[in-house]
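*Asks:* Structure file work_19.cif, mmCIF, C-alpha atoms and all ligand atoms, is pasted below:
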```cif
data_structure
#
loop_
_atom_site.label_atom_id
_atom_site.label_comp_id
_atom_site.auth_asym_id
_atom_site.auth_seq_id
_atom_site.Cartn_x
_atom_site.Cartn_y
_atom_site.Cartn_z
CA MET W 927 138.75 77.92 118.51
CA GLY W 928 139.45 78.58 114.88
CA THR W 929 136.89 76.10 113.62
CA SER W 930 133.53 76.96 112.16
CA THR W 931 130.48 75.16 110.90
CA ASP W 932 128.36 75.92 107.87
CA ALA W 933 125.66 77.39 110.12
CA GLU W 934 127.74 80.12 111.73
CA PRO W 935 130.25 81.83 109.45
CA ASP W 936 133.74 82.35 110.78
CA PRO W 937 134.17 85.85 112.30
CA ILE W 938 137.01 86.45 109.86
CA VAL W 939 134.47 86.41 107.04
CA GLY W 940 132.74 89.37 108.72
CA THR W 941 136.06 91.21 109.06
CA PHE W 942 136.77 90.54 105.40
CA ALA W 943 133.34 91.81 104.32
CA ARG W 944 133.72 95.02 106.35
CA TRP W 945 137.19 95.57 104.90
CA ILE W 946 135.91 95.21 101.33
CA LYS W 947 133.22 97.76 102.14
CA THR W 948 135.77 100.37 103.28
CA LEU W 949 137.91 99.61 100.21
CA LYS W 950 134.93 100.30 97.96
CA GLU W 951 134.33 103.58 99.77
CA THR W 952 137.96 104.53 99.26
CA ALA W 953 137.75 103.50 95.61
CA ALA W 954 134.73 105.73 95.09
CA ARG W 955 136.83 108.75 96.15
CA VAL W 956 139.81 107.89 93.91
CA ASP W 957 140.96 110.85 91.84
CA GLY W 958 144.26 110.22 90.10
CA GLU W 959 147.37 108.15 90.50
CA HIS W 960 148.16 109.22 94.01
CA ASP W 961 144.80 107.96 95.29
CA VAL W 962 145.35 104.67 93.45
CA GLN W 963 148.63 104.35 95.33
CA VAL W 964 146.80 104.83 98.64
CA LEU W 965 144.23 102.23 97.60
CA GLU W 966 146.89 99.75 96.56
CA GLN W 967 148.68 100.23 99.86
CA GLU W 968 145.46 99.66 101.81
CA LEU W 969 144.72 96.57 99.78
CA ARG W 970 148.17 95.16 100.38
CA ASP W 971 148.50 95.95 104.09
CA GLY W 972 144.87 95.19 104.95
CA GLY W 973 144.92 91.93 102.98
CA ARG W 974 148.13 90.90 104.65
CA ALA W 975 146.72 91.65 108.12
CA ILE W 976 143.61 89.54 107.42
CA LEU W 977 145.70 86.66 106.06
CA GLN W 978 147.97 86.98 109.09
CA SER W 979 145.07 86.55 111.51
CA LEU W 980 143.58 83.74 109.39
CA PHE W 981 146.92 81.93 109.42
CA GLU W 982 147.16 82.45 113.19
CA GLN W 983 143.70 80.92 113.66
CA LEU W 984 144.47 77.96 111.41
CA LEU W 985 147.74 77.16 113.14
CA GLN W 986 146.25 77.69 116.61
CA GLY W 987 143.50 75.22 115.63
CA ILE W 988 146.10 72.62 114.64
CA ILE W 989 147.98 73.13 117.91
CA ASP W 990 144.84 72.94 120.06
CA SER W 991 143.52 69.77 118.45
CA GLY W 992 146.86 67.95 118.71
CA GLN W 993 147.55 69.11 122.27
CA GLU W 994 146.42 66.08 124.28
CA SER W 995 148.24 63.58 122.07
CA LEU W 996 151.49 65.18 123.23
CA ARG W 997 150.87 64.22 126.86
CA THR W 998 152.46 60.81 126.27
CA CYS W 999 156.24 61.13 126.33
CA PRO W 1000 157.71 60.14 122.93
CA ASP W 1001 161.00 59.16 124.58
CA CYS W 1002 159.98 56.98 127.55
CA GLY W 1003 156.24 56.49 127.04
CA GLY W 1004 155.53 58.08 130.43
CA ARG W 1005 152.86 60.66 131.20
CA ARG W 1006 154.17 64.21 130.80
CA CYS W 1007 153.02 67.04 133.07
CA HIS W 1008 151.18 70.17 131.95
CA GLN W 1009 153.48 73.08 132.89
CA GLY W 1010 151.09 75.82 131.88
CA VAL W 1011 150.33 77.56 128.60
CA ARG W 1012 153.14 79.50 126.99
CA GLU W 1013 153.13 81.85 124.05
CA ARG W 1014 155.64 81.59 121.23
CA ARG W 1015 156.11 83.83 118.21
CA LEU W 1016 156.39 82.35 114.75
CA GLY W 1017 157.63 84.51 111.87
CA THR W 1018 155.66 84.01 108.66
CA CYS W 1019 155.48 85.84 105.35
CA PHE W 1020 152.29 87.56 106.65
CA GLY W 1021 154.03 88.80 109.79
CA SER W 1022 154.73 87.44 113.25
CA LEU W 1023 152.06 85.15 114.78
CA ALA W 1024 151.42 84.73 118.53
CA LEU W 1025 150.72 81.05 119.18
CA LYS W 1026 149.84 79.47 122.50
CA GLY W 1027 150.69 75.93 123.44
CA ILE W 1028 150.92 73.74 126.51
CA TYR W 1029 154.44 73.27 127.77
CA TRP W 1030 154.91 69.56 128.45
CA LYS W 1031 157.53 68.23 130.81
CA CYS W 1032 158.29 64.56 131.48
CA PRO W 1033 158.92 63.70 135.15
CA ASP W 1034 160.86 60.54 134.21
CA CYS W 1035 163.23 61.79 131.47
CA PRO W 1036 164.60 65.09 130.10
CA SER W 1037 161.84 65.37 127.45
CA ARG W 1038 160.34 68.91 127.13
CA GLN W 1039 158.07 70.22 124.43
CA ASN W 1040 155.83 73.14 123.63
CA SER W 1041 152.74 72.13 121.65
CA VAL W 1042 153.57 74.97 119.25
CA ASP W 1043 156.46 72.78 118.02
CA GLN W 1044 153.86 70.81 116.07
CA VAL W 1045 153.63 73.62 113.52
CA GLY W 1046 157.15 75.05 113.67
CA GLN W 1047 160.28 74.31 115.64
CA GLU W 1048 162.18 77.49 114.85
CA GLU W 1049 161.45 81.21 114.85
CA PHE W 1050 160.34 81.20 111.20
CA THR W 1051 158.18 78.93 109.07
CA LEU W 1052 160.12 77.12 106.33
CA LEU W 1053 158.70 79.42 103.66
CA MET W 1054 159.60 82.55 105.65
CA LYS W 1055 163.03 81.15 106.46
CA ASP W 1056 163.78 80.94 102.72
CA LEU W 1057 162.60 84.51 102.20
CA VAL W 1058 164.71 85.77 105.10
CA LEU W 1059 167.78 84.02 103.66
CA LEU W 1060 167.07 85.53 100.28
CA ALA W 1061 166.80 89.02 101.81
CA GLY W 1062 170.00 88.52 103.83
CA VAL W 1063 172.10 87.23 100.94
CA SER W 1064 170.80 89.25 97.99
CA SER W 1065 170.98 92.60 99.79
CA THR W 1066 174.29 94.36 100.24
CA SER W 1067 174.01 94.09 104.05
CA PHE W 1068 171.73 92.70 106.75
CA ASP W 1069 170.21 96.10 107.53
CA LYS W 1070 169.39 96.54 103.83
CA GLY W 1071 167.78 93.08 104.06
CA GLN W 1072 165.53 94.44 106.79
CA VAL W 1073 164.44 97.26 104.46
CA VAL W 1074 163.80 94.77 101.66
CA CYS W 1075 161.57 92.65 103.96
CA ARG W 1076 159.63 95.73 105.04
CA HIS W 1077 159.03 97.00 101.52
CA LEU W 1078 158.68 93.81 99.48
CA LEU W 1079 156.91 91.61 102.02
CA GLY W 1080 155.34 94.32 104.17
CA VAL W 1081 156.73 92.47 107.19
CA ASP W 1082 159.16 93.66 109.87
CA VAL W 1083 162.13 91.38 110.43
CA ASP W 1084 164.98 92.67 112.55
CA ASP W 1085 168.39 92.81 110.81
CA GLU W 1086 169.91 90.83 113.67
CA ALA W 1087 167.31 88.07 113.14
CA ILE W 1088 168.24 88.02 109.43
CA ARG W 1089 171.93 87.81 110.31
CA LEU W 1090 171.43 84.94 112.74
CA ARG W 1091 169.17 83.05 110.33
CA CYS W 1092 171.76 83.40 107.53
CA LEU W 1093 174.68 82.29 109.69
CA ARG W 1094 172.76 79.34 111.13
CA GLU W 1095 171.96 78.16 107.61
CA GLY W 1096 175.54 78.77 106.49
CA TYR W 1097 176.94 76.60 109.27
CA LYS W 1098 174.87 73.61 108.14
CA PRO W 1099 176.66 71.12 105.89
CA ARG W 1100 176.27 72.15 102.26
CA PRO W 1101 173.35 70.49 100.47
CA LEU W 1102 174.51 68.15 97.70
CA PRO W 1103 174.82 69.75 94.26
CA ALA W 1104 171.44 69.79 92.52
CA LYS W 1105 172.96 68.46 89.29
CA ILE W 1106 176.02 66.33 88.68
CA VAL W 1107 178.00 65.94 85.46
CA GLU W 1108 176.57 63.58 82.86
CA GLN W 1109 178.45 60.50 81.72
CA GLY W 1110 181.29 61.48 79.40
CA HIS W 1111 180.69 65.24 79.61
CA ASP W 1112 183.24 67.95 80.45
CA LEU W 1113 183.80 69.02 84.04
CA ILE W 1114 185.51 72.42 84.32
CA GLY W 1115 186.93 73.59 87.63
CA SER W 1116 188.61 76.74 88.84
CA CYS W 1117 189.69 78.43 92.02
CA ASP W 1118 190.76 81.85 93.17
CA GLY W 1119 190.82 84.06 96.23
CA THR W 1120 189.28 87.34 97.31
CA MET W 1121 190.18 89.41 100.37
CA VAL W 1122 187.70 89.85 103.22
CA ASN W 1123 188.04 92.26 106.15
CA THR W 1124 187.94 90.41 109.49
CA ARG W 1125 187.62 91.95 112.96
CA GLU W 1126 190.49 89.88 114.31
CA ASP W 1127 193.14 89.89 111.57
CA ARG W 1128 192.03 92.59 109.10
CA TRP W 1129 192.25 91.46 105.44
CA ARG W 1130 192.36 87.71 104.97
CA GLU W 1131 192.01 85.59 101.85
CA LEU W 1132 188.70 83.87 101.22
CA LYS W 1133 189.47 80.91 98.96
CA ALA W 1134 186.80 80.00 96.46
CA MET W 1135 186.27 77.14 94.02
CA ARG W 1136 183.81 76.85 91.19
CA PHE W 1137 182.96 73.88 89.00
CA GLU W 1138 180.72 73.82 85.98
CA HIS W 1139 179.33 71.29 83.59
CA GLU W 1140 176.59 71.32 81.00
CA LYS W 1141 173.82 70.90 83.59
CA GLY W 1142 174.90 73.30 86.29
CA VAL W 1143 177.35 75.34 88.33
CA TYR W 1144 178.55 74.64 91.86
CA GLY W 1145 180.80 76.65 94.18
CA GLU W 1146 182.14 76.75 97.71
CA ALA W 1147 184.30 79.28 99.60
CA TYR W 1148 186.21 79.20 102.88
CA LEU W 1149 188.41 81.38 105.03
CA GLU W 1150 191.05 78.81 105.85
CA LYS W 1151 194.61 77.71 105.23
CA THR W 1152 195.61 76.00 102.01
CA GLY W 1153 196.09 72.69 103.81
CA SER W 1154 192.41 72.59 104.78
CA PHE W 1155 191.07 74.00 101.53
CA SER W 1156 192.97 71.82 99.03
CA PRO W 1157 191.38 68.46 99.98
CA ARG W 1158 187.98 70.04 99.44
CA LEU W 1159 188.76 70.32 95.71
CA LYS W 1160 188.89 66.55 95.51
CA GLN W 1161 185.76 66.09 97.64
CA VAL W 1162 183.75 68.48 95.48
CA ALA W 1163 185.03 66.97 92.21
CA GLU W 1164 183.94 63.56 93.50
CA LYS W 1165 180.53 64.87 94.59
CA LEU W 1166 180.05 66.29 91.10
CA GLY W 1167 180.81 62.94 89.46
CA GLN W 1168 184.39 63.33 88.17
CA ALA W 1169 184.66 59.52 88.06
CA HIS W 1170 182.27 59.30 85.11
CA ALA W 1171 183.04 62.71 83.57
CA GLY W 1172 184.70 62.93 80.16
CA ARG W 1173 187.37 65.63 80.04
CA CYS W 1174 188.25 67.30 83.34
CA VAL W 1175 189.88 70.73 83.06
CA PHE W 1176 191.03 73.12 85.78
CA VAL W 1177 191.68 76.77 84.90
CA SER W 1178 193.57 79.00 87.33
CA ASP W 1179 196.13 81.77 87.65
CA CYS W 1180 198.70 79.06 88.59
CA ALA W 1181 199.52 80.50 92.01
CA VAL W 1182 201.99 78.14 93.70
CA TRP W 1183 199.42 76.75 96.15
CA ILE W 1184 196.88 76.13 93.39
CA ASP W 1185 199.51 74.34 91.27
CA LYS W 1186 200.31 72.03 94.15
CA ALA W 1187 196.67 71.46 95.10
CA VAL W 1188 195.62 70.56 91.56
CA ALA W 1189 198.57 68.18 91.08
CA LYS W 1190 197.82 66.41 94.34
CA GLN W 1191 194.03 66.52 94.66
CA LEU W 1192 192.85 66.55 91.05
CA PRO W 1193 195.12 64.17 89.11
CA LYS W 1194 192.40 63.55 86.53
CA PHE W 1195 192.26 67.25 85.66
CA ARG W 1196 194.23 68.96 82.93
CA HIS W 1197 195.51 72.22 84.42
CA VAL W 1198 195.20 75.26 82.16
CA ALA W 1199 196.73 78.66 82.97
CA ASP W 1200 194.15 81.42 82.72
CA TYR W 1201 194.93 83.24 79.47
CA PHE W 1202 194.06 86.73 80.73
CA HIS W 1203 196.32 86.31 83.71
CA ALA W 1204 199.18 85.24 81.42
CA ALA W 1205 198.48 88.24 79.16
CA GLN W 1206 198.88 90.52 82.19
CA HIS W 1207 202.42 89.19 82.65
CA VAL W 1208 203.10 90.01 78.99
CA HIS W 1209 201.77 93.50 79.54
CA ARG W 1210 204.00 94.09 82.55
CA ALA W 1211 207.06 93.11 80.52
CA ALA W 1212 205.96 95.51 77.76
CA GLU W 1213 205.74 98.35 80.28
CA GLU W 1214 209.26 97.62 81.50
CA VAL W 1215 210.64 97.68 78.00
CA TYR W 1216 208.76 100.67 76.58
CA GLY W 1217 207.57 102.56 79.66
CA SER W 1218 203.98 102.43 80.81
CA GLU W 1219 202.92 105.59 78.94
CA HIS W 1220 204.44 104.71 75.58
CA PRO W 1221 201.97 103.60 72.85
CA ASP W 1222 204.46 100.93 71.71
CA ALA W 1223 203.98 99.13 75.05
CA GLY W 1224 200.35 98.40 74.21
CA LYS W 1225 201.21 97.48 70.62
CA TRP W 1226 203.96 95.06 71.68
CA SER W 1227 201.88 93.50 74.43
CA ARG W 1228 198.90 92.96 72.13
CA SER W 1229 201.04 91.39 69.46
CA ILE W 1230 202.84 89.04 71.90
CA SER W 1231 199.57 88.08 73.65
CA ARG W 1232 197.99 87.26 70.30
CA ARG W 1233 200.90 84.96 69.47
CA LEU W 1234 200.67 83.37 72.88
CA ARG W 1235 197.04 82.65 72.17
CA GLU W 1236 197.74 81.26 68.72
CA TYR W 1237 200.93 79.25 69.24
CA GLY W 1238 201.07 78.58 72.97
CA ALA W 1239 203.90 79.41 75.40
CA ALA W 1240 206.55 76.91 74.23
CA ARG W 1241 206.82 78.29 70.67
CA LEU W 1242 206.50 81.88 71.85
CA VAL W 1243 209.40 81.51 74.30
CA ASP W 1244 211.74 80.44 71.47
CA LYS W 1245 210.86 83.57 69.51
CA LEU W 1246 211.12 85.87 72.54
CA ARG W 1247 214.56 84.59 73.51
CA ARG W 1248 215.90 85.39 70.06
CA LEU W 1249 214.28 88.81 70.29
CA THR W 1250 216.10 89.73 73.52
CA LEU W 1251 219.39 89.84 71.57
CA TYR W 1252 218.16 93.03 69.87
CA TYR W 1253 217.64 94.95 73.10
CA ALA W 1254 220.62 97.13 73.91
CA ASP W 1255 219.49 97.90 77.45
CA LEU W 1256 220.20 95.08 79.92
CA LYS W 1257 217.15 96.03 81.97
CA HIS W 1258 214.96 95.45 78.92
CA GLN W 1259 216.64 92.14 78.20
CA ARG W 1260 216.00 91.06 81.76
CA ALA W 1261 212.30 92.01 81.60
CA VAL W 1262 211.77 89.84 78.53
CA LEU W 1263 213.85 86.98 79.92
CA ASP W 1264 211.77 87.08 83.12
CA LEU W 1265 208.66 86.78 81.00
CA CYS W 1266 210.27 83.84 79.17
CA ARG W 1267 211.03 82.15 82.47
CA TYR W 1268 207.41 82.54 83.59
CA LEU W 1269 205.98 81.28 80.30
CA ASN W 1270 208.42 78.39 80.19
CA LYS W 1271 207.56 77.31 83.72
CA HIS W 1272 203.86 77.01 82.83
CA ALA W 1273 204.31 76.08 79.15
CA SER W 1274 202.36 72.81 79.39
CA LYS W 1275 199.44 74.78 80.87
CA MET W 1276 199.67 77.43 78.16
CA ASP W 1277 199.37 75.30 75.03
CA TYR W 1278 196.61 77.68 74.01
CA GLY W 1279 196.58 76.91 70.27
CA ARG W 1280 195.94 73.28 70.96
CA PHE W 1281 193.44 73.95 73.75
CA GLN W 1282 191.39 76.10 71.42
CA ARG W 1283 191.41 73.48 68.69
CA GLU W 1284 190.21 70.95 71.27
CA GLN W 1285 187.66 73.47 72.58
CA ILE W 1286 189.13 73.48 76.06
CA PRO W 1287 188.43 76.75 77.92
CA ILE W 1288 191.49 78.98 78.32
CA ASP W 1289 190.12 81.55 80.71
CA SER W 1290 188.13 81.51 83.91
CA GLY W 1291 185.59 84.25 83.28
CA GLY W 1292 182.97 82.38 85.28
CA MET W 1293 185.29 82.23 88.28
CA GLU W 1294 185.97 85.93 88.06
CA SER W 1295 182.28 86.79 88.10
CA PHE W 1296 181.77 84.34 90.96
CA CYS W 1297 184.49 86.04 93.04
CA LYS W 1298 183.02 89.46 92.25
CA GLN W 1299 179.65 88.31 93.59
CA LEU W 1300 181.33 87.03 96.74
CA GLY W 1301 183.14 90.34 97.05
CA LEU W 1302 179.96 92.38 96.59
CA ARG W 1303 178.30 90.71 99.56
CA MET W 1304 181.34 90.06 101.74
CA LYS W 1305 183.13 93.39 101.47
CA GLY W 1306 180.59 96.17 101.39
CA PRO W 1307 181.60 99.62 102.67
CA GLY W 1308 182.90 99.42 106.23
CA MET W 1309 181.97 95.74 106.47
CA ARG W 1310 183.95 93.60 108.90
CA TRP W 1311 183.26 89.98 109.78
CA SER W 1312 184.06 87.82 112.73
CA LYS W 1313 186.56 85.34 111.37
CA HIS W 1314 184.51 82.30 112.34
CA ASN W 1315 181.41 83.59 110.48
CA VAL W 1316 183.08 84.27 107.14
CA SER W 1317 182.91 80.74 105.69
CA ALA W 1318 179.27 80.26 106.78
CA MET W 1319 178.11 83.44 105.08
CA ALA W 1320 180.38 82.93 102.06
CA ASN W 1321 178.84 79.54 101.40
CA LEU W 1322 175.35 81.02 101.40
CA VAL W 1323 176.55 83.59 98.89
CA CYS W 1324 178.02 80.73 96.81
CA ARG W 1325 174.62 79.05 96.69
CA TRP W 1326 173.00 82.29 95.65
CA ALA W 1327 175.69 83.10 93.05
CA THR W 1328 175.70 79.68 91.37
CA ASP W 1329 172.03 78.68 91.49
CA PRO W 1330 169.83 81.68 92.35
CA HIS W 1331 166.56 79.94 91.44
CA HIS W 1332 167.01 77.01 93.79
CA ALA W 1333 169.40 78.40 96.40
CA PHE W 1334 166.82 78.98 99.12
CA THR W 1335 163.62 77.25 98.14
CA THR W 1336 162.35 74.49 100.33
CA PRO W 1337 160.86 71.95 97.95
CA VAL W 1338 157.08 71.85 98.33
CA ALA W 1339 155.22 68.69 97.36
CA ALA W 1340 152.66 69.38 94.63
ZN ZN P 1 159.85 60.78 129.25
#
```
Could you write out this file's structure as structure tokens?
Ligand SMILES: [Zn+2]

*Replies:*
Amino acid sequence: MGTSTDAEPDPIVGTFARWIKTLKETAARVDGEHDVQVLEQELRDGGRAILQSLFEQLLQGIIDSGQESLRTCPDCGGRRCHQGVRERRLGTCFGSLALKGIYWKCPDCPSRQNSVDQVGQEEFTLLMKDLVLLAGVSSTSFDKGQVVCRHLLGVDVDDEAIRLRCLREGYKPRPLPAKIVEQGHDLIGSCDGTMVNTREDRWRELKAMRFEHEKGVYGEAYLEKTGSFSPRLKQVAEKLGQAHAGRCVFVSDCAVWIDKAVAKQLPKFRHVADYFHAAQHVHRAAEEVYGSEHPDAGKWSRSISRRLREYGAARLVDKLRRLTLYYADLKHQRAVLDLCRYLNKHASKMDYGRFQREQIPIDSGGMESFCKQLGLRMKGPGMRWSKHNVSAMANLVCRWATDPHHAFTTPVAA
């Protein structure tokens, strides 16, 4: 079946010819845009259905011709028994195919195989698997992914099948980064957290890291304790080639756990405090001194932040301490002294004037956008995740967020 000779044309050619005839009849009646829409729809759905049955024939032909060669057991070399013909469905980008294959069973060892395995071992072809992943990750939810498959591909894929496919892929070890840092070039890292709603424990922190260099961006994210997450920073930096990188810089909000993790796991990295985060601390002090509604709060905070950016924390703290003497109210003095204490603690990471002269990044805008993308997919309205699925799905989103063109494309040999 499925093969044809030059003498007798394949029946599918007849089907195709009849279909073109009806299309031409439809085209002859076209009167306006709406009719063109109907024609386009017919062309798309009809063409897909013909390609679907052609693909089914082609694959069935491959299965049938390779059937007997599977009788010999690949594990023990024995003669496997024919256990009857079984049908299996294979999801493709033309729709689901029904394929029939002999079920082989070895009497001497546990070897079992359906002949259909020759063309596909899982429920989707590799090409369709990539498209399903794309639909599951790029949509706001799995049921929206189902709608996307229906409308963009013209194929029905159940939202539960999309969910399972995504999670199965997410559980696999991460593929190596497509690009590593070039000899002597900068490697810039960052990490942050975003909250995800879990069924078991409500809101929990998803920890994310992101590294970039001239040739690419790479990120990972996990729902786990600091002790498990921190060593990953080192592993990823090594995978990305920190050993031969030039300058290594890590930008963060300097949360206590991040401070510790960077000091321990990334000794080669210069730790920089995210400038915008530092400026928020300045703004909070301004609100304490002037009141949040007062226009002077904004003026003061802008002026202090600008100096922080120009001179760095160490010089700014000297100025601020002298300034506190002019505040009559003790509460105001305390607010500014608290700010001084914070700036002083991280002064070496806030040498912003120098960083800018050396063209070292002082904010982690890329990380912020990365976390927003994680948030968009991981915390849609009413969305709750089983705790053990969060990291799997988050890592798929990381692939999509950092390298959308290559995230889910199985390389095809030219
Ligand atoms: Zn065997």

*Asks:* Find the spatial neighbours of Lys1105 of chain W, counting all atoms listed in the file, within a cut-off of 8 Å - ignore same-chain residues fewer than 3 positions away - and output them as a list of chain:residue names.

*Replies:*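 Within the cut-off, the hits are W:Lys1141, W:Gly1142, W:Leu1166.
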
*Asks:* Any residue with an atom at most 6 Å from ligand ZN 1 (chain P) counts, using all atoms listed in the file. Which are they? Put them as a list in words.

*Replies:*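 Selection of residues at most 6 Å from ligand ZN 1 (chain P): Cys999, Asp1001, Cys1002, Gly1004, Cys1032, Asp1034, Cys1035 and Ser1037 of chain W.
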
*Asks:* Restricting the calculation to all atoms listed in the file: of W:Ser1227, W:Gln1109, W:Ser1041, W:Ser1116, which residue gets closest to His1209 of chain W?

*Replies:* W:Ser1227

*Asks:* What's around segment 1286-1292 of chain W at 10 Å? Count only C-alpha atoms, leave out sequence neighbours fewer than 2 positions away in its own chain, and write the answer as an MDAnalysis selection string.

*Replies:* chainID W and resid 1112 1114:1118 1136:1138 1143 1173:1179 1196:1204 1235 1275:1284 1294:1298 1328

*Asks:* Compile a residue-level contact table for segment 939-1007 of chain W against segment 1078-1090 of chain W at a cut-off of 10 Å, reporting for every qualifying residue the shortest atom pair and its distance in Å to one decimal, with all atoms listed in the file counted, rows ordered by chain and ascending number, as a tab-separated table.

*Replies:*
```
residue	atom	partner	partner_atom	distance
W:Gln967	CA	W:Gly1080	CA	9.9
W:Arg970	CA	W:Gly1080	CA	8.2
W:Asp971	CA	W:Gly1080	CA	7.0
W:Arg974	CA	W:Gly1080	CA	8.0
W:Ala975	CA	W:Gly1080	CA	9.9
```

*Asks:* How far is it from atom CA of Val1316 of chain W to atom CA of Gly1119 of chain W, in Å with one decimal?

*Replies:* 13.4 Å

*Asks:* Please measure the separation of atom CA of Trp1183 of chain W and atom CA of Leu1132 of chain W, giving the value in Å to one decimal.

*Replies:*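 Calculated distance between atom CA of Trp1183 of chain W and atom CA of Leu1132 of chain W is 13.8 Å.
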
*Asks:* Measuring atom to atom with all atoms listed in the file, identify which of W:Trp1226, W:Glu994, W:Val1262, W:Phe1020 is nearest to Gly973 of chain W.

*Replies:*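 Selected residue with least distance to Gly973 of chain W: W:Phe1020.
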
*Asks:* When you count all atoms listed in the file, which of these residues is closest to Asp1185 of chain W: W:Thr1152, W:Lys1070, W:Arg1260, W:Leu1242?

*Replies:*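 Of W:Thr1152, W:Lys1070, W:Arg1260, W:Leu1242, the one nearest Asp1185 of chain W, counting all atoms listed in the file, is W:Thr1152.
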
*Asks:* Using Å and a single decimal, report how far atom CA of Gly1153 of chain W sits from atom CA of Gln1191 of chain W.

*Replies:*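 These two atoms are separated by 11.2 Å.
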
*Asks:* So, with only C-alpha atoms as the atoms that count, which of W:Glu934, W:Gln986, W:Met1304, W:Glu1214 lies closest to Arg1130 of chain W?

*Replies:*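 Result for the nearest residue to Arg1130 of chain W: W:Met1304.
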
*Asks:* Tell me, as a ChimeraX atom specification, which residues lie within 8 Å of Ala1318 of chain W, counting all atoms listed in the file; anything in the same chain fewer than 5 positions away does not count.

*Replies:* /W:1093-1097

*Asks:* So, counting all atoms listed in the file, which residue among W:Thr1066, W:Leu1059, W:Ala1327, W:His1207 is closest to Pro1307 of chain W?

*Replies:*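 For Pro1307 of chain W, the nearest of the given residues is W:Thr1066.
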
*Asks:* Which residue out of W:Arg1241, W:Arg1310, W:Lys1194, W:His1111 has the minimum interatomic distance to Ala1273 of chain W when all atoms listed in the file are used?

*Replies:*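 The answer is W:Arg1241, which sits nearest to Ala1273 of chain W.
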
*Asks:* Set the distance at 10 Å and use only C-alpha atoms: which residues neighbour Ala1205 of chain W once local chain neighbours fewer than 6 positions away are removed? I'd like the list as a CSV table (one decimal) with C-alpha atoms, keeping the file's coordinate frame.

*Replies:*
```
chain,number,residue,atom,x,y,z
W,1211,ALA,CA,207.1,93.1,80.5
W,1227,SER,CA,201.9,93.5,74.4
W,1228,ARG,CA,198.9,93.0,72.1
W,1230,ILE,CA,202.8,89.0,71.9
W,1231,SER,CA,199.6,88.1,73.6
W,1232,ARG,CA,198.0,87.3,70.3
W,1234,LEU,CA,200.7,83.4,72.9
W,1235,ARG,CA,197.0,82.6,72.2
```

*Asks:* Find the residues near Leu1053 of chain W: any atom within 12 Å, counting only C-alpha atoms, skip ones fewer than 2 places away on the same chain, and give them as a PyMOL selection string.

*Replies:* chain W and resi 1016-1020+1046+1048-1051+1055-1060+1334-1338
